[in-house]
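Participant: Provided herewith is a single structure, encoded as structure tokens, for subsequent inquiry.
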Amino acid sequence: MQHLNMRQAIGLLLALAFFSGGTQTALAVGTASGTTITNTATVDYQVNANARSASGSVNFVVDNRVDLTVANTNAGNNVNVIPGSTNQVLAYTITNTGNTTQGYLLSVAVPTAGIPMGNIRIYIDTNGNGVYDSGVDTLYTASTNAGNLAADGVMHVLVVADTPAAASNGTIDDIRLVVQTTDAGTATVTVASATPTAGVDVVFADAAGTTSDAARDGQYSAAATYTVTSATLGVTKTILGTTDEFGTGFAIPGAHVQYQVRVTNSGSTTVDSNTVSVTDPLPANTKVCVAAACGGAPSFVDGTTSSGLTAAAFEYSTVAAPNECASASFTGYTPTADASGADAAVTCIRQAPTGAMNGTNAYFDMRYNVVIK
């Protein structure tokens, strides 16, 4: 049986330790700062056949390598938000990739505020689930140590903000979580040593993060975005055609003019269900057509990019301006056609289709004819 000497046994133990998962993590940042490394040289010789030896030793102390990384963990480094939403979360991790325990100051930079998000706060994500849990996660107080991290330690942090109700579809906020290294247990910013000494020196080894920080400055930052996804309705009104009694298309008294009101959702999300309502006051010197004699009653036409809405019965108001299109003015009036097929008593028409209107340029048209008085 082959026996191992002491040196071989130690080598085998070190090799096993290297390949074990837990120990490999511990080795990721290297030797802990403050560790004294001693090297001893020995000379062996003989005098008059007597064995003798002499040795000399030298020591040095491992310095403090200050290093850290910050990473956003949201998919695509982005969170879509809708107007009026509160407590919207960007999740980050802070990792101490140095070789000693450090503390950290946290702050948020917003180089681009297109929305802009409000009530921006930082929380320590106590359970590390990437979700803001009220009463569980700890609100961070500015200019204080967020907590100490040993070498290879990880801290989970949340940036939490509210979306203004008036935020426009497609607007973006660029959010940077900036993390500054401090001395462990304090809010004192760690300072790099100017020159090597015999003691434990401080060496910044961090890479450049986003544009919020540079390489080897003891801090790191990571960027993510909030993007507003919202419904945005637009209205265009056009004249589709004019028909006079002679078939010549002139806008003379007695001619029929066909209007089209197109409603388009250029946003990326749907409109709240049963909230779309289109009103159109009758132009002066016209009366609304409600029979075939002047082109037919008002109609709802869904778009080729379907709105997803279902037409409702048209409603008619007979109230005089300026309240002709007020909601209370639509009381169930049924129009009556005169000899031209129109009703001169109507002052405003309304279409309130049901359902949630689709986004991404879905549209519908409301068409109606008027007779020129």
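FYI, nothing fancy with the structure tokens labels: chains A, B, ... in order, residues from 1 per chain, ligands from 1 as they appear.
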Would you pick out the contacts of Val154 in chain A at 8 Å or less, using only C-alpha atoms, so that residues sharing its chain but fewer than 3 positions from it are not included, and give the list as a list of chain:residue names?

Facilitator: A:Thr93, A:Ile94, A:Thr95, A:Asn96, A:Leu149

Participant: Could the residues of range 78-102 of chain A that have an atom at most 12 Å from range 172-178 of chain A be listed as a Markdown table, each with its closest atom pair and the distance in Å to one decimal, counting only C-alpha atoms and ordered by chain and ascending residue number?

Facilitator:
| residue | atom | partner | partner_atom | distance |
| --- | --- | --- | --- | --- |
| A:Asn78 | CA | A:Asp174 | CA | 9.4 |
| A:Val79 | CA | A:Ile172 | CA | 10.0 |
| A:Asn80 | CA | A:Ile172 | CA | 9.3 |
| A:Val81 | CA | A:Ile172 | CA | 9.8 |
| A:Ile82 | CA | A:Ile172 | CA | 11.6 |
| A:Val89 | CA | A:Ile175 | CA | 11.1 |
| A:Leu90 | CA | A:Ile175 | CA | 8.7 |
| A:Ala91 | CA | A:Leu177 | CA | 9.7 |
| A:Tyr92 | CA | A:Leu177 | CA | 7.9 |
| A:Thr93 | CA | A:Leu177 | CA | 9.9 |
| A:Ile94 | CA | A:Leu177 | CA | 9.9 |

Participant: Per DSSP on the backbone, filter range 233-338 of chain A down to the residues in strand (DSSP E or B) and report them as a PyMOL selection string.

Facilitator: chain A and resi 233-243+256-265+278-281+286-289+299-302+306+310+315-317

Participant: Could you dump the residues just selected with C-alpha atoms as a JSON list (two decimals), in the first residue's frame?

Facilitator:
[["chain", "number", "residue", "atom", "x", "y", "z"],
["A", 233, "LEU", "CA", -57.18, 57.88, -27.96],
["A", 234, "GLY", "CA", -57.19, 60.32, -30.82],
["A", 235, "VAL", "CA", -60.11, 61.67, -32.87],
["A", 236, "THR", "CA", -60.18, 62.76, -36.50],
["A", 237, "LYS", "CA", -63.27, 64.12, -38.22],
["A", 238, "THR", "CA", -63.66, 64.15, -41.99],
["A", 239, "ILE", "CA", -66.34, 64.71, -44.63],
["A", 240, "LEU", "CA", -66.82, 61.58, -46.71],
["A", 241, "GLY", "CA", -69.03, 63.16, -49.31],
["A", 242, "THR", "CA", -71.74, 65.70, -50.23],
["A", 243, "THR", "CA", -74.85, 64.85, -52.24],
["A", 256, "HIS", "CA", -76.70, 65.81, -47.58],
["A", 257, "VAL", "CA", -73.23, 65.91, -46.01],
["A", 258, "GLN", "CA", -71.75, 62.72, -44.54],
["A", 259, "TYR", "CA", -69.41, 63.08, -41.58],
["A", 260, "GLN", "CA", -67.01, 60.47, -40.25],
["A", 261, "VAL", "CA", -65.59, 60.55, -36.72],
["A", 262, "ARG", "CA", -62.68, 58.12, -36.36],
["A", 263, "VAL", "CA", -61.45, 57.15, -32.88],
["A", 264, "THR", "CA", -58.01, 55.46, -32.76],
["A", 265, "ASN", "CA", -56.13, 53.98, -29.82],
["A", 278, "VAL", "CA", -68.18, 59.84, -28.41],
["A", 279, "THR", "CA", -70.34, 62.94, -28.58],
["A", 280, "ASP", "CA", -70.76, 65.28, -31.53],
["A", 281, "PRO", "CA", -72.86, 68.45, -31.47],
["A", 286, "THR", "CA", -77.83, 71.55, -40.24],
["A", 287, "LYS", "CA", -80.16, 68.82, -38.99],
["A", 288, "VAL", "CA", -79.27, 65.18, -38.36],
["A", 289, "CYS", "CA", -80.41, 62.56, -40.84],
["A", 299, "SER", "CA", -73.86, 54.10, -37.91],
["A", 300, "PHE", "CA", -70.97, 52.47, -36.05],
["A", 301, "VAL", "CA", -68.27, 50.88, -38.27],
["A", 302, "ASP", "CA", -65.48, 48.85, -36.67],
["A", 306, "SER", "CA", -60.69, 45.88, -34.73],
["A", 310, "THR", "CA", -69.68, 46.48, -29.58],
["A", 315, "GLU", "CA", -78.49, 58.54, -28.27],
["A", 316, "TYR", "CA", -79.86, 61.97, -29.09],
["A", 317, "SER", "CA", -80.02, 65.22, -27.14]]

Participant: Between A:Ala151, A:Ala251, A:Ala326, A:Met357, which residue has the minimum interatomic distance to Ala184 in chain A, considering only C-alpha atoms?

Facilitator: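 Of A:Ala151, A:Ala251, A:Ala326, A:Met357, the one nearest Ala184 in chain A is A:Ala151, counting only C-alpha atoms.
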
Participant: Find the distance between CA of Thr126 in chain A and CA of Val157 in chain A and write it in Å to one decimal.

Facilitator: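 So the answer is 8.4 Å.
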
Participant: Which residues are near Cys294 in chain A? Cut-off 8 Å, only C-alpha atoms, ignore same chain within fewer than 4 positions. Put them as an NGL selection string.

Facilitator: :A and (256 or 289-290 or 340-342 or 369-371)

Participant: Fewer than 2 positions away in the same chain doesn't count, so skip those; otherwise give me all residues within 12 Å of Ala109 in chain A, counting only C-alpha atoms, as a PyMOL selection string.

Facilitator: chain A and resi 106-107+111-113+120-122+159+173-179+210-213+221-225

Participant: Extract, using only C-alpha atoms, all DNA, RNA and protein residues at most 9 Å from Ala187 in chain A, discarding same-chain residues fewer than 6 positions from it, and format them as a list in words.

Facilitator: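 Within the cut-off, the hits are Gly103, Tyr104, Leu105, Ser143, Thr144, Asn145, Ala146 and Thr181 of chain A.
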
Participant: Mind dumping the selected residues with N, CA and C atoms as a short mmCIF file (atom, residue, chain, number, x, y, z; two decimals), in the first residue's frame?

Facilitator:
data_model
loop_
_atom_site.label_atom_id
_atom_site.label_comp_id
_atom_site.auth_asym_id
_atom_site.auth_seq_id
_atom_site.Cartn_x
_atom_site.Cartn_y
_atom_site.Cartn_z
N GLY A 103 -19.60 48.22 4.21
CA GLY A 103 -20.94 48.78 4.26
C GLY A 103 -21.22 49.54 2.98
N TYR A 104 -22.47 50.03 2.83
CA TYR A 104 -22.85 50.66 1.56
C TYR A 104 -23.87 51.78 1.76
N LEU A 105 -23.61 52.88 1.03
CA LEU A 105 -24.59 53.97 0.91
C LEU A 105 -25.34 53.78 -0.40
N SER A 143 -28.10 58.39 3.28
CA SER A 143 -26.82 58.68 3.94
C SER A 143 -26.52 57.79 5.12
N THR A 144 -27.21 56.66 5.23
CA THR A 144 -26.89 55.70 6.28
C THR A 144 -26.36 54.41 5.65
N ASN A 145 -25.68 53.62 6.45
CA ASN A 145 -25.16 52.33 5.98
C ASN A 145 -26.33 51.38 5.78
N ALA A 146 -26.51 50.90 4.55
CA ALA A 146 -27.64 50.00 4.26
C ALA A 146 -27.45 48.63 4.89
N THR A 181 -19.27 52.37 -1.51
CA THR A 181 -18.69 51.56 -0.44
C THR A 181 -18.34 52.41 0.77
#

Participant: With distances taken over only C-alpha atoms, which residue among A:Leu68, A:Ala352, A:Ala54, A:Ala320 lies nearest Arg216 in chain A?

Facilitator: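 Checking each of A:Leu68, A:Ala352, A:Ala54, A:Ala320 against Arg216 in chain A, counting only C-alpha atoms, the winner is A:Leu68.
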
Participant: So, with only C-alpha atoms as the atoms that count, which of A:Leu309, A:Ala215, A:Val191, A:Val29 lies closest to Val203 in chain A?

Facilitator: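 Once distances to Val203 in chain A are computed over only C-alpha atoms, the minimum belongs to A:Val191.
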
Participant: Extract, using only C-alpha atoms, all DNA, RNA and protein residues at most 10 Å from Val43 in chain A, discarding same-chain residues fewer than 3 positions from it, and format them as a list of chain:residue names.

Facilitator: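 Listed by chain and then number, they are A:Arg52, A:Ser53, A:Ala54, A:Ser55, A:Gly56.
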
Participant: Considering only C-alpha atoms, state which residue in the set A:Asn72, A:Ser329, A:Ser277, A:Ser266 is at the smallest distance from Ala313 in chain A.

Facilitator: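 Nearest to Ala313 in chain A: A:Ser277.
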